[in-house]
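Quick notes on the structure that follows.
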Amino acid sequence: ADLEISDTIVCPYETFSLTAHVDTIYTGYMWELGDGETISRNFPDSVINYSYSQSGVYQIKLIPDFNPPPFIPKCVDTAYGTVTVVDVVADFDIDSANAPNFCFNNTSTGASSYEWNVEDDPSNASYFEENICHNWDDRLGEWEVCLYATSAEGCIDTICKIIPNRFSKQIKVYNVFTPDVNDPLNKEFVIDADGLEYYNIKIFNRWGERVFESEDINISWNGTVNNEGVECPEGSYFYIINYRFKFGEDNEGLEPIEGLVDLIRN
């Protein structure tokens with residue numbers, strides 16, 4: 001007996017065929033497929049189709065059968081073969097630390113080549129590197145990123161994830177604040193800004209003396225000299241704000257923001 005396997009290296013759920021080549025004395029066959037399954041066929045039905053769901057190496061046994069004449073011993077031949085199931089699993093991690101420039105770390109297993117399809121406007125983008133970054137800039141919304149991972153044997157797995165881009169670029173300056181009033185929303189000279197990669201504010205009194213400077217957008221002027229407790233008198237103060245946005249073309253020809261803010265006390 002002998003058996004023929006159409007493909008000895010397959011992907012999960014990929015169908016292959018098994019063909020029994022046996023002497024005409026045999027009337028039937030039993031296939032032991034190495035995963036606990038058995039299939040029986042009667043002559044001349046010598047071909048079966050099969051697939052495995054899990055990766056691994058499976059030993060296949062062909063056991064033909066016949067009914068011998070009276071007083072003739074039954075000698076059964078057996079044939080063996082092996083099928084290897086290779087698997088590929090696509091996956092990736094998302095790094096949003098520099099959003100809206102998102103980076104994708106490929107964590108796929110069993111793959112030798114990759115294709116990324118990144119949803120964007122006005123058109124999608126394709127990449128073929130193992131790890132990629134993509135910048136949505138100020139195109140807000142939810143965008144789909146799909147990774148197609150292919151093994152050396154041609155097995156393919158796909159995973160898609162939704163990337164929410166909440167990034168925005170803006171800077172808004174108010175003109176009045178009241179540090180002595182019992183209003184927690186207006187006790188500091190707050191600059192509302194999103195999407196900055198650089199920020200610097202300088203504030204001067206009417207004599208040109210600098211009373212405050214910061215490069216941290218989260219540190220606002222509280223109406224004292226350098227925020228250290230010496231109160232500045234009520235009046236108008238001149239500010240200069242230098243800034244740059246992340247990743248955008250809006251920095252071309254960007255000018256400092258200059259203006260006056262009124263400090264009002266009780």
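The chains in the structure tokens are called A, B, ... from first to last as shown; in each chain the residues are counted from 1, and the ligands are counted from 1 in the order shown.
All residues of protein, DNA or RNA that reach within 12 Å of Asp2 in chain A, judged by only C-alpha atoms and not counting those fewer than 5 positions away in the chain, are Leu18, Thr19, Ala20, His21, Val22, Asp23, Tyr29, Ser46, Ile60, Lys61, Leu62, Ile63, Pro64, Asp77, Thr78, Ala79, Tyr80 and Gly81 of chain A.
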Within range 24-155 of chain A, find each residue whose DSSP state, derived from the backbone, is strand (DSSP E or B), and express the selection as a PyMOL selection string. chain A and resi 28-32+38-42+47-50+56-65+79-85+89+92-95+101-106+109+113-118+125-127+132-135+141-150
So which one's closest to Asn266 in chain A, A:Ile162, A:Val230, A:Val181, A:Ala99? Using only C-alpha atoms, please.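 Selected residue with least distance to Asn266 in chain A: A:Val181.
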Report, in Å with one decimal, the straight-line distance from CA of Glu213 in chain A to CA of Asn226 in chain A.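 So the two atoms, CA of Glu213 in chain A and CA of Asn226 in chain A, lie 6.9 Å apart.
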Do a neighbour search on Tyr50 in chain A at 8 Å with only C-alpha atoms, toss out local chain neighbours closer than 5 positions, and write the hits as a PyMOL selection string. chain A and resi 15-18
Could you give me, as a list in words, the residues within 12 Å of Gly36 in chain A, counting only C-alpha atoms and dropping anything in the same chain fewer than 2 positions from it?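 That gives Trp31, Glu32, Leu33, Gly34, Thr38, Ile39, Tyr52, Tyr58, Gln59, Ile60 and Lys61 of chain A.
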Near-range 132-138 of chain A list (6 Å; only C-alpha atoms; drop same-chain fewer than 6 positions) as a PDB file with N, CA and C atoms, in the first residue's frame:
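Result written to selection_31.pdb:
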ATOM      1  N   PRO A 100      -0.732  63.279  16.607  1.00  0.00           N
ATOM      2  CA  PRO A 100      -1.431  62.409  15.663  1.00  0.00           C
ATOM      3  C   PRO A 100      -0.525  61.518  14.810  1.00  0.00           C
ATOM      4  N   ASN A 101       0.770  61.495  15.104  1.00  0.00           N
ATOM      5  CA  ASN A 101       1.671  60.580  14.413  1.00  0.00           C
ATOM      6  C   ASN A 101       1.684  59.266  15.202  1.00  0.00           C
ATOM      7  N   PHE A 102       0.877  58.311  14.755  1.00  0.00           N
ATOM      8  CA  PHE A 102       0.750  57.032  15.451  1.00  0.00           C
ATOM      9  C   PHE A 102       1.762  56.048  14.875  1.00  0.00           C
ATOM     10  N   CYS A 103       2.370  55.256  15.746  1.00  0.00           N
ATOM     11  CA  CYS A 103       3.296  54.208  15.319  1.00  0.00           C
ATOM     12  C   CYS A 103       2.715  52.849  15.672  1.00  0.00           C
ATOM     13  N   PHE A 104       2.982  51.876  14.797  1.00  0.00           N
ATOM     14  CA  PHE A 104       2.414  50.545  14.946  1.00  0.00           C
ATOM     15  C   PHE A 104       3.537  49.519  15.004  1.00  0.00           C
ATOM     16  N   PHE A 167      -6.650  64.450  17.897  1.00  0.00           N
ATOM     17  CA  PHE A 167      -5.695  65.563  17.868  1.00  0.00           C
ATOM     18  C   PHE A 167      -6.309  66.808  17.235  1.00  0.00           C
ATOM     19  N   SER A 168      -5.997  67.962  17.830  1.00  0.00           N
ATOM     20  CA  SER A 168      -6.397  69.224  17.223  1.00  0.00           C
ATOM     21  C   SER A 168      -5.293  70.247  17.451  1.00  0.00           C
TER      22      SER A 168
END
Would you mind listing what lies within 7 Å of Thr8 in chain A as JSON, numbers by chain, with only C-alpha atoms counted and same-chain residues fewer than 3 positions away left out? {"A": [5, 82, 83, 84]}
From the options A:Leu147, A:Ile240, A:Cys160, A:Ile48, which residue's atoms come nearest to Trp116 in chain A, counting only C-alpha atoms?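 Of the candidates, the smallest distance to Trp116 in chain A is held by A:Leu147.
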